[in-house]
Amino acid sequence: ASKNKHKFKRYHSWRYKRVKPSWRRPRGIDNCIRRKFRGAIAMPGKGYKTENCLKHLTPCGFRKVMVANVGELESLIGLNNFYCAEIRHAVGAKKRIEIVNRADELGIKVLNREGRIIAEND
């Protein structure tokens, strides 16, 4: 099973430049979209809800856990088949290298492992 990422565009956003494509519910009394006429574009509804088993999954099939230091990786030791780590944005380069190295030892996947780490060329 996969997530159905349906993009709902605002009615008439393709016709007028002043109407942006971000979804707004049509409220006019004669609007064919609001009245759900045949052939009209679809409106968002509860039928497009993501299944609970697929909610918060990354494209690689893991759930994300935000990590700020090496100690927070320890909670993922037995769960590395279901959860992956993502390093928080405020963590500096030195600590990022420590986190990535420790995650490799524990077999934990790190999503943003290249961030702020510059490879040294010899």
# chains A, B, ... in the order shown; residues from 1 in each chain; ligands from 1

$ residues_around --residues "Pro26 (chain A)" --least-positions-apart "4" --cutoff "12 Å" --atoms "only C-alpha atoms" --output "list in words"
Lys9, Arg10, Tyr11, His12, Asp30, Asn31, Cys32, Ile33, Arg34, Arg35, Lys36, Ile41, Ala42, Met43 and Pro44 of chain A

$ write_last_selection --atoms "all heavy atoms" --output "compact mmCIF listing (two decimals), in the first residue's frame"
# COMPACT_ATOMS: atom_id res chain seq x y z
N LYS A 9 -6.42 21.60 -6.19
CA LYS A 9 -6.17 22.96 -6.64
C LYS A 9 -7.45 23.77 -6.50
O LYS A 9 -8.56 23.26 -6.69
CB LYS A 9 -5.74 22.96 -8.11
CG LYS A 9 -4.34 22.39 -8.32
CD LYS A 9 -3.97 22.35 -9.77
CE LYS A 9 -3.28 23.61 -10.18
NZ LYS A 9 -2.83 23.58 -11.57
N ARG A 10 -7.28 25.04 -6.19
CA ARG A 10 -8.42 25.93 -6.02
C ARG A 10 -9.14 26.14 -7.35
O ARG A 10 -8.51 26.25 -8.41
CB ARG A 10 -7.93 27.25 -5.48
CG ARG A 10 -9.02 28.22 -5.12
CD ARG A 10 -8.42 29.47 -4.54
NE ARG A 10 -9.42 30.44 -4.21
CZ ARG A 10 -9.16 31.62 -3.68
NH1 ARG A 10 -7.92 31.96 -3.42
NH2 ARG A 10 -10.13 32.46 -3.41
N TYR A 11 -10.46 26.18 -7.30
CA TYR A 11 -11.28 26.37 -8.49
C TYR A 11 -10.93 27.70 -9.16
O TYR A 11 -10.80 28.72 -8.49
CB TYR A 11 -12.75 26.33 -8.08
CG TYR A 11 -13.74 26.50 -9.20
CD1 TYR A 11 -13.69 25.68 -10.31
CD2 TYR A 11 -14.72 27.47 -9.14
CE1 TYR A 11 -14.60 25.82 -11.35
CE2 TYR A 11 -15.64 27.62 -10.16
CZ TYR A 11 -15.56 26.79 -11.27
OH TYR A 11 -16.48 26.92 -12.30
N HIS A 12 -10.74 27.67 -10.46
CA HIS A 12 -10.39 28.82 -11.30
C HIS A 12 -8.96 29.31 -11.11
O HIS A 12 -8.61 30.37 -11.64
CB HIS A 12 -11.36 29.99 -11.10
CG HIS A 12 -12.62 29.87 -11.91
ND1 HIS A 12 -12.67 29.24 -13.13
CD2 HIS A 12 -13.87 30.29 -11.66
CE1 HIS A 12 -13.90 29.28 -13.60
NE2 HIS A 12 -14.67 29.90 -12.72
N ASP A 30 -24.35 28.82 -6.41
CA ASP A 30 -24.49 28.10 -7.67
C ASP A 30 -23.22 27.34 -8.06
O ASP A 30 -23.15 26.82 -9.17
CB ASP A 30 -24.84 29.08 -8.80
CG ASP A 30 -26.22 29.66 -8.63
OD1 ASP A 30 -27.08 28.97 -8.06
OD2 ASP A 30 -26.43 30.81 -9.05
N ASN A 31 -22.24 27.27 -7.20
CA ASN A 31 -20.94 26.70 -7.58
C ASN A 31 -21.06 25.21 -7.86
O ASN A 31 -21.53 24.44 -7.02
CB ASN A 31 -19.92 26.96 -6.48
CG ASN A 31 -18.52 26.64 -6.91
OD1 ASN A 31 -18.16 25.48 -7.02
ND2 ASN A 31 -17.73 27.67 -7.16
N CYS A 32 -20.58 24.81 -9.05
CA CYS A 32 -20.71 23.40 -9.46
C CYS A 32 -19.75 22.50 -8.69
O CYS A 32 -20.01 21.30 -8.53
CB CYS A 32 -20.47 23.27 -10.96
SG CYS A 32 -18.86 23.86 -11.49
N ILE A 33 -18.65 23.04 -8.19
CA ILE A 33 -17.72 22.23 -7.40
C ILE A 33 -18.33 21.92 -6.04
O ILE A 33 -18.31 20.78 -5.58
CB ILE A 33 -16.37 22.98 -7.21
CG1 ILE A 33 -15.79 23.44 -8.54
CG2 ILE A 33 -15.37 22.11 -6.46
CD1 ILE A 33 -15.47 22.37 -9.52
N ARG A 34 -18.88 22.96 -5.39
CA ARG A 34 -19.50 22.75 -4.07
C ARG A 34 -20.68 21.81 -4.15
O ARG A 34 -20.89 20.98 -3.26
CB ARG A 34 -19.96 24.11 -3.50
CG ARG A 34 -20.55 24.01 -2.09
CD ARG A 34 -21.23 25.28 -1.68
NE ARG A 34 -22.33 25.66 -2.55
CZ ARG A 34 -23.56 25.13 -2.50
NH1 ARG A 34 -23.83 24.18 -1.64
NH2 ARG A 34 -24.51 25.53 -3.32
N ARG A 35 -21.43 21.88 -5.26
CA ARG A 35 -22.60 21.02 -5.43
C ARG A 35 -22.25 19.63 -5.95
O ARG A 35 -23.13 18.79 -6.11
CB ARG A 35 -23.59 21.71 -6.37
CG ARG A 35 -24.16 22.98 -5.75
CD ARG A 35 -24.84 23.86 -6.75
NE ARG A 35 -26.07 23.28 -7.26
CZ ARG A 35 -26.81 23.82 -8.24
NH1 ARG A 35 -26.39 24.93 -8.83
NH2 ARG A 35 -27.91 23.25 -8.62
N LYS A 36 -20.96 19.40 -6.23
CA LYS A 36 -20.43 18.08 -6.63
C LYS A 36 -21.09 17.56 -7.90
O LYS A 36 -21.54 16.40 -7.96
CB LYS A 36 -20.57 17.07 -5.50
CG LYS A 36 -19.77 17.44 -4.26
CD LYS A 36 -19.83 16.36 -3.21
CE LYS A 36 -18.83 16.63 -2.13
NZ LYS A 36 -19.39 17.20 -0.94
N ILE A 41 -14.13 19.16 -10.57
CA ILE A 41 -12.96 18.71 -9.81
C ILE A 41 -13.39 18.27 -8.42
O ILE A 41 -14.42 18.70 -7.90
CB ILE A 41 -11.88 19.83 -9.73
CG1 ILE A 41 -12.42 21.05 -8.99
CG2 ILE A 41 -11.37 20.18 -11.09
CD1 ILE A 41 -11.36 22.08 -8.67
N ALA A 42 -12.57 17.39 -7.81
CA ALA A 42 -12.91 16.84 -6.50
C ALA A 42 -12.54 17.83 -5.40
O ALA A 42 -11.59 18.59 -5.51
CB ALA A 42 -12.16 15.54 -6.28
N MET A 43 -13.34 17.78 -4.34
CA MET A 43 -13.04 18.58 -3.15
C MET A 43 -12.42 17.66 -2.10
O MET A 43 -12.70 16.46 -2.07
CB MET A 43 -14.33 19.18 -2.56
CG MET A 43 -14.89 20.32 -3.35
SD MET A 43 -15.92 21.42 -2.35
CE MET A 43 -17.11 20.33 -1.65
N PRO A 44 -11.57 18.20 -1.22
CA PRO A 44 -11.01 17.37 -0.15
C PRO A 44 -12.11 16.85 0.77
O PRO A 44 -13.10 17.54 1.01
CB PRO A 44 -10.10 18.33 0.62
CG PRO A 44 -9.86 19.47 -0.28
CD PRO A 44 -11.02 19.55 -1.20

$ residues_around --residues "Asn81 (chain A)" --least-positions-apart "6" --cutoff "10 Å" --atoms "only C-alpha atoms" --output "list in words"
Gly61, Phe62, Arg63, Gly107, Ile108 and Lys109 of chain A

$ write_last_selection --atoms "N, CA and C atoms" --output "mmCIF file, in the first residue's frame"
data_model
loop_
_atom_site.group_PDB
_atom_site.id
_atom_site.type_symbol
_atom_site.label_atom_id
_atom_site.label_comp_id
_atom_site.auth_asym_id
_atom_site.auth_seq_id
_atom_site.Cartn_x
_atom_site.Cartn_y
_atom_site.Cartn_z
ATOM 1 N N GLY A 61 10.016 3.957 4.326
ATOM 2 C CA GLY A 61 9.246 3.035 5.162
ATOM 3 C C GLY A 61 9.523 3.119 6.647
ATOM 4 N N PHE A 62 10.281 4.110 7.094
ATOM 5 C CA PHE A 62 10.577 4.277 8.520
ATOM 6 C C PHE A 62 9.760 5.427 9.094
ATOM 7 N N ARG A 63 9.662 5.463 10.430
ATOM 8 C CA ARG A 63 9.120 6.619 11.122
ATOM 9 C C ARG A 63 10.299 7.441 11.653
ATOM 10 N N GLY A 107 23.678 0.605 13.703
ATOM 11 C CA GLY A 107 22.859 0.179 12.567
ATOM 12 C C GLY A 107 21.579 0.981 12.421
ATOM 13 N N ILE A 108 21.618 2.261 12.793
ATOM 14 C CA ILE A 108 20.451 3.136 12.713
ATOM 15 C C ILE A 108 20.585 4.027 11.485
ATOM 16 N N LYS A 109 19.531 4.125 10.719
ATOM 17 C CA LYS A 109 19.536 4.965 9.515
ATOM 18 C C LYS A 109 19.369 6.426 9.921
#

$ select_by_dssp --residues "chain A" --states "strand (DSSP E or B)" --output "compact mmCIF listing (two decimals) with N, CA, C and O atoms, in the first residue's frame"
# COMPACT_ATOMS: atom_id res chain seq x y z
N LEU A 57 4.94 7.85 7.84
CA LEU A 57 6.00 7.04 7.26
C LEU A 57 6.80 7.88 6.27
O LEU A 57 6.24 8.65 5.49
N ARG A 63 9.66 5.46 10.43
CA ARG A 63 9.12 6.62 11.12
C ARG A 63 10.30 7.44 11.65
O ARG A 63 11.31 6.88 12.06
N LYS A 64 10.16 8.78 11.67
CA LYS A 64 11.25 9.66 12.05
C LYS A 64 11.28 9.91 13.55
O LYS A 64 10.24 10.06 14.17
N VAL A 65 12.49 9.99 14.09
CA VAL A 65 12.71 10.44 15.47
C VAL A 65 13.77 11.52 15.41
O VAL A 65 14.84 11.32 14.84
N MET A 66 13.46 12.69 15.97
CA MET A 66 14.40 13.80 15.97
C MET A 66 15.47 13.56 17.04
O MET A 66 15.14 13.20 18.17
N VAL A 67 16.73 13.78 16.67
CA VAL A 67 17.85 13.48 17.55
C VAL A 67 18.72 14.74 17.67
O VAL A 67 19.02 15.38 16.66
N TYR A 83 12.19 2.64 13.04
CA TYR A 83 12.43 4.07 13.22
C TYR A 83 13.79 4.46 12.66
O TYR A 83 14.74 3.68 12.70
N CYS A 84 13.89 5.68 12.15
CA CYS A 84 15.16 6.22 11.70
C CYS A 84 15.36 7.57 12.40
O CYS A 84 14.41 8.18 12.88
N ALA A 85 16.60 8.01 12.45
CA ALA A 85 16.93 9.26 13.13
C ALA A 85 17.01 10.40 12.14
O ALA A 85 17.39 10.21 10.99
N GLU A 86 16.63 11.58 12.61
CA GLU A 86 16.85 12.80 11.85
C GLU A 86 17.48 13.80 12.79
O GLU A 86 16.93 14.09 13.86
N ILE A 87 18.63 14.34 12.40
CA ILE A 87 19.36 15.26 13.27
C ILE A 87 18.69 16.62 13.23
O ILE A 87 18.36 17.13 12.16
N VAL A 110 20.20 7.30 9.35
CA VAL A 110 20.10 8.74 9.59
C VAL A 110 19.69 9.41 8.29
O VAL A 110 20.35 9.24 7.26

$ residues_around --residues "Gly92 (chain A)" --least-positions-apart "5" --cutoff "10 Å" --atoms "only C-alpha atoms" --output "list of chain:residue names"
A:Ala68, A:Ile87, A:Ile97, A:Gly115, A:Arg116, A:Ile117

$ write_last_selection --atoms "N, CA, C and O atoms" --output "tab-separated table (two decimals), in the first residue's frame"
chain	number	residue	atom	x	y	z
A	68	ALA	N	19.11	15.08	18.90
A	68	ALA	CA	19.96	16.25	19.12
A	68	ALA	C	21.33	15.87	19.67
A	68	ALA	O	22.25	16.67	19.60
A	87	ILE	N	18.63	14.34	12.40
A	87	ILE	CA	19.36	15.26	13.27
A	87	ILE	C	18.69	16.62	13.23
A	87	ILE	O	18.36	17.13	12.16
A	97	ILE	N	28.85	14.77	13.32
A	97	ILE	CA	29.78	13.69	12.96
A	97	ILE	C	29.73	12.59	14.02
A	97	ILE	O	29.72	11.40	13.69
A	115	GLY	N	24.19	16.66	6.08
A	115	GLY	CA	24.00	18.06	6.41
A	115	GLY	C	25.14	18.64	7.23
A	115	GLY	O	25.53	18.06	8.26
A	116	ARG	N	25.71	19.75	6.79
A	116	ARG	CA	26.78	20.48	7.47
A	116	ARG	C	28.09	19.71	7.59
A	116	ARG	O	29.01	20.14	8.29
A	117	ILE	N	28.18	18.54	6.98
A	117	ILE	CA	29.41	17.77	7.04
A	117	ILE	C	30.10	17.90	5.68
A	117	ILE	O	29.58	17.45	4.67

$ atom_distance --atom1 "CA of Leu73 (chain A)" --atom2 "CA of Asp104 (chain A)"
10.7 Å

$ select_by_dssp --residues "region 19-100 of chain A" --states "helix (DSSP H, G or I)" --output "mmCIF file with C-alpha atoms, in the first residue's frame"
data_model
loop_
_atom_site.group_PDB
_atom_site.id
_atom_site.type_symbol
_atom_site.label_atom_id
_atom_site.label_comp_id
_atom_site.auth_asym_id
_atom_site.auth_seq_id
_atom_site.Cartn_x
_atom_site.Cartn_y
_atom_site.Cartn_z
ATOM 1 C CA LYS A 46 -12.491 12.324 4.720
ATOM 2 C CA GLY A 47 -12.268 9.710 1.967
ATOM 3 C CA TYR A 48 -8.746 10.945 1.153
ATOM 4 C CA VAL A 70 24.372 10.791 20.860
ATOM 5 C CA GLY A 71 22.427 9.791 23.965
ATOM 6 C CA GLU A 72 19.091 10.067 22.166
ATOM 7 C CA LEU A 73 20.218 7.404 19.674
ATOM 8 C CA GLU A 74 20.251 4.816 22.486
ATOM 9 C CA SER A 75 16.443 4.711 22.562
ATOM 10 C CA LEU A 76 16.426 3.467 18.943
ATOM 11 C CA ALA A 93 29.003 19.933 12.553
ATOM 12 C CA LYS A 94 31.165 18.381 15.288
ATOM 13 C CA LYS A 95 28.245 16.792 17.098
ATOM 14 C CA ARG A 96 26.663 15.720 13.776
ATOM 15 C CA ILE A 97 29.779 13.694 12.963
ATOM 16 C CA GLU A 98 29.588 11.992 16.379
ATOM 17 C CA ILE A 99 25.890 11.180 15.890
ATOM 18 C CA VAL A 100 26.432 9.746 12.394
#

$ atom_distance --atom1 "CA of Arg102 (chain A)" --atom2 "CA of Cys53 (chain A)"
29.2 Å

$ atom_distance --atom1 "CA of Cys60 (chain A)" --atom2 "CA of Ser22 (chain A)"
27.7 Å

$ closest_residue --among "A:Asn112, A:Glu51, A:His6, A:Leu106" --to "Leu79 (chain A)" --atoms "only C-alpha atoms"
A:Leu106

$ decode --residues "region 14-108 of chain A" --atoms "C-alpha atoms" --output "PDB file, in the first residue's frame"
ATOM      1  CA  TRP A  14      -5.860  27.816 -13.755  1.00  0.00           C
ATOM      2  CA  ARG A  15      -7.953  30.597 -15.300  1.00  0.00           C
ATOM      3  CA  TYR A  16      -6.922  33.686 -13.327  1.00  0.00           C
ATOM      4  CA  LYS A  17      -3.439  34.654 -12.202  1.00  0.00           C
ATOM      5  CA  ARG A  18      -4.837  36.488  -9.160  1.00  0.00           C
ATOM      6  CA  VAL A  19      -6.385  33.244  -7.847  1.00  0.00           C
ATOM      7  CA  LYS A  20      -3.613  31.193  -6.234  1.00  0.00           C
ATOM      8  CA  PRO A  21      -3.709  27.371  -6.444  1.00  0.00           C
ATOM      9  CA  SER A  22      -3.820  26.771  -2.659  1.00  0.00           C
ATOM     10  CA  TRP A  23      -7.137  25.144  -1.768  1.00  0.00           C
ATOM     11  CA  ARG A  24     -10.079  27.282  -0.630  1.00  0.00           C
ATOM     12  CA  ARG A  25     -13.541  25.813  -0.245  1.00  0.00           C
ATOM     13  CA  PRO A  26     -16.040  27.196  -2.775  1.00  0.00           C
ATOM     14  CA  ARG A  27     -18.995  28.850  -1.018  1.00  0.00           C
ATOM     15  CA  GLY A  28     -21.117  30.237  -3.832  1.00  0.00           C
ATOM     16  CA  ILE A  29     -24.776  29.221  -4.028  1.00  0.00           C
ATOM     17  CA  ASP A  30     -24.489  28.096  -7.668  1.00  0.00           C
ATOM     18  CA  ASN A  31     -20.942  26.703  -7.585  1.00  0.00           C
ATOM     19  CA  CYS A  32     -20.707  23.404  -9.456  1.00  0.00           C
ATOM     20  CA  ILE A  33     -17.718  22.234  -7.400  1.00  0.00           C
ATOM     21  CA  ARG A  34     -19.501  22.754  -4.072  1.00  0.00           C
ATOM     22  CA  ARG A  35     -22.605  21.023  -5.429  1.00  0.00           C
ATOM     23  CA  LYS A  36     -20.431  18.081  -6.631  1.00  0.00           C
ATOM     24  CA  PHE A  37     -21.657  17.965 -10.206  1.00  0.00           C
ATOM     25  CA  ARG A  38     -20.430  15.207 -12.490  1.00  0.00           C
ATOM     26  CA  GLY A  39     -17.189  16.151 -14.245  1.00  0.00           C
ATOM     27  CA  ALA A  40     -16.268  18.832 -11.699  1.00  0.00           C
ATOM     28  CA  ILE A  41     -12.958  18.712  -9.811  1.00  0.00           C
ATOM     29  CA  ALA A  42     -12.906  16.840  -6.501  1.00  0.00           C
ATOM     30  CA  MET A  43     -13.042  18.578  -3.146  1.00  0.00           C
ATOM     31  CA  PRO A  44     -11.007  17.372  -0.147  1.00  0.00           C
ATOM     32  CA  GLY A  45     -12.914  15.068   2.160  1.00  0.00           C
ATOM     33  CA  LYS A  46     -12.491  12.324   4.720  1.00  0.00           C
ATOM     34  CA  GLY A  47     -12.268   9.710   1.967  1.00  0.00           C
ATOM     35  CA  TYR A  48      -8.746  10.945   1.153  1.00  0.00           C
ATOM     36  CA  LYS A  49      -7.491  10.380   4.696  1.00  0.00           C
ATOM     37  CA  THR A  50      -4.200   8.466   5.025  1.00  0.00           C
ATOM     38  CA  GLU A  51      -4.474   5.010   6.565  1.00  0.00           C
ATOM     39  CA  ASN A  52      -3.226   4.862  10.151  1.00  0.00           C
ATOM     40  CA  CYS A  53      -0.610   2.208   9.330  1.00  0.00           C
ATOM     41  CA  LEU A  54       0.900   4.524   6.679  1.00  0.00           C
ATOM     42  CA  LYS A  55       0.700   7.762   8.670  1.00  0.00           C
ATOM     43  CA  HIS A  56       4.040   9.506   9.413  1.00  0.00           C
ATOM     44  CA  LEU A  57       6.002   7.041   7.257  1.00  0.00           C
ATOM     45  CA  THR A  58       8.958   8.335   5.271  1.00  0.00           C
ATOM     46  CA  PRO A  59       9.294   7.186   1.634  1.00  0.00           C
ATOM     47  CA  CYS A  60      11.835   4.562   2.779  1.00  0.00           C
ATOM     48  CA  GLY A  61       9.246   3.035   5.162  1.00  0.00           C
ATOM     49  CA  PHE A  62      10.577   4.277   8.520  1.00  0.00           C
ATOM     50  CA  ARG A  63       9.120   6.619  11.122  1.00  0.00           C
ATOM     51  CA  LYS A  64      11.251   9.664  12.046  1.00  0.00           C
ATOM     52  CA  VAL A  65      12.708  10.435  15.466  1.00  0.00           C
ATOM     53  CA  MET A  66      14.402  13.803  15.970  1.00  0.00           C
ATOM     54  CA  VAL A  67      17.854  13.480  17.547  1.00  0.00           C
ATOM     55  CA  ALA A  68      19.963  16.249  19.117  1.00  0.00           C
ATOM     56  CA  ASN A  69      22.780  14.229  20.739  1.00  0.00           C
ATOM     57  CA  VAL A  70      24.372  10.791  20.860  1.00  0.00           C
ATOM     58  CA  GLY A  71      22.427   9.791  23.965  1.00  0.00           C
ATOM     59  CA  GLU A  72      19.091  10.067  22.166  1.00  0.00           C
ATOM     60  CA  LEU A  73      20.218   7.404  19.674  1.00  0.00           C
ATOM     61  CA  GLU A  74      20.251   4.816  22.486  1.00  0.00           C
ATOM     62  CA  SER A  75      16.443   4.711  22.562  1.00  0.00           C
ATOM     63  CA  LEU A  76      16.426   3.467  18.943  1.00  0.00           C
ATOM     64  CA  ILE A  77      18.727   0.472  19.457  1.00  0.00           C
ATOM     65  CA  GLY A  78      16.040  -2.248  19.344  1.00  0.00           C
ATOM     66  CA  LEU A  79      13.767  -0.302  16.997  1.00  0.00           C
ATOM     67  CA  ASN A  80      16.115   0.330  14.065  1.00  0.00           C
ATOM     68  CA  ASN A  81      13.858  -1.703  11.737  1.00  0.00           C
ATOM     69  CA  PHE A  82      10.931   0.688  12.294  1.00  0.00           C
ATOM     70  CA  TYR A  83      12.428   4.071  13.218  1.00  0.00           C
ATOM     71  CA  CYS A  84      15.163   6.223  11.704  1.00  0.00           C
ATOM     72  CA  ALA A  85      16.928   9.257  13.132  1.00  0.00           C
ATOM     73  CA  GLU A  86      16.845  12.799  11.848  1.00  0.00           C
ATOM     74  CA  ILE A  87      19.364  15.261  13.271  1.00  0.00           C
ATOM     75  CA  ARG A  88      17.821  18.505  14.484  1.00  0.00           C
ATOM     76  CA  HIS A  89      18.688  21.656  12.547  1.00  0.00           C
ATOM     77  CA  ALA A  90      20.440  23.449  15.438  1.00  0.00           C
ATOM     78  CA  VAL A  91      23.080  20.722  15.911  1.00  0.00           C
ATOM     79  CA  GLY A  92      26.587  21.765  14.857  1.00  0.00           C
ATOM     80  CA  ALA A  93      29.003  19.933  12.553  1.00  0.00           C
ATOM     81  CA  LYS A  94      31.165  18.381  15.288  1.00  0.00           C
ATOM     82  CA  LYS A  95      28.245  16.792  17.098  1.00  0.00           C
ATOM     83  CA  ARG A  96      26.663  15.720  13.776  1.00  0.00           C
ATOM     84  CA  ILE A  97      29.779  13.694  12.963  1.00  0.00           C
ATOM     85  CA  GLU A  98      29.588  11.992  16.379  1.00  0.00           C
ATOM     86  CA  ILE A  99      25.890  11.180  15.890  1.00  0.00           C
ATOM     87  CA  VAL A 100      26.432   9.746  12.394  1.00  0.00           C
ATOM     88  CA  ASN A 101      29.377   7.600  13.519  1.00  0.00           C
ATOM     89  CA  ARG A 102      27.453   6.225  16.522  1.00  0.00           C
ATOM     90  CA  ALA A 103      24.389   5.539  14.345  1.00  0.00           C
ATOM     91  CA  ASP A 104      26.550   3.520  11.945  1.00  0.00           C
ATOM     92  CA  GLU A 105      27.816   1.412  14.881  1.00  0.00           C
ATOM     93  CA  LEU A 106      24.249   0.766  16.073  1.00  0.00           C
ATOM     94  CA  GLY A 107      22.859   0.179  12.567  1.00  0.00           C
ATOM     95  CA  ILE A 108      20.451   3.136  12.713  1.00  0.00           C
TER      96      ILE A 108
END
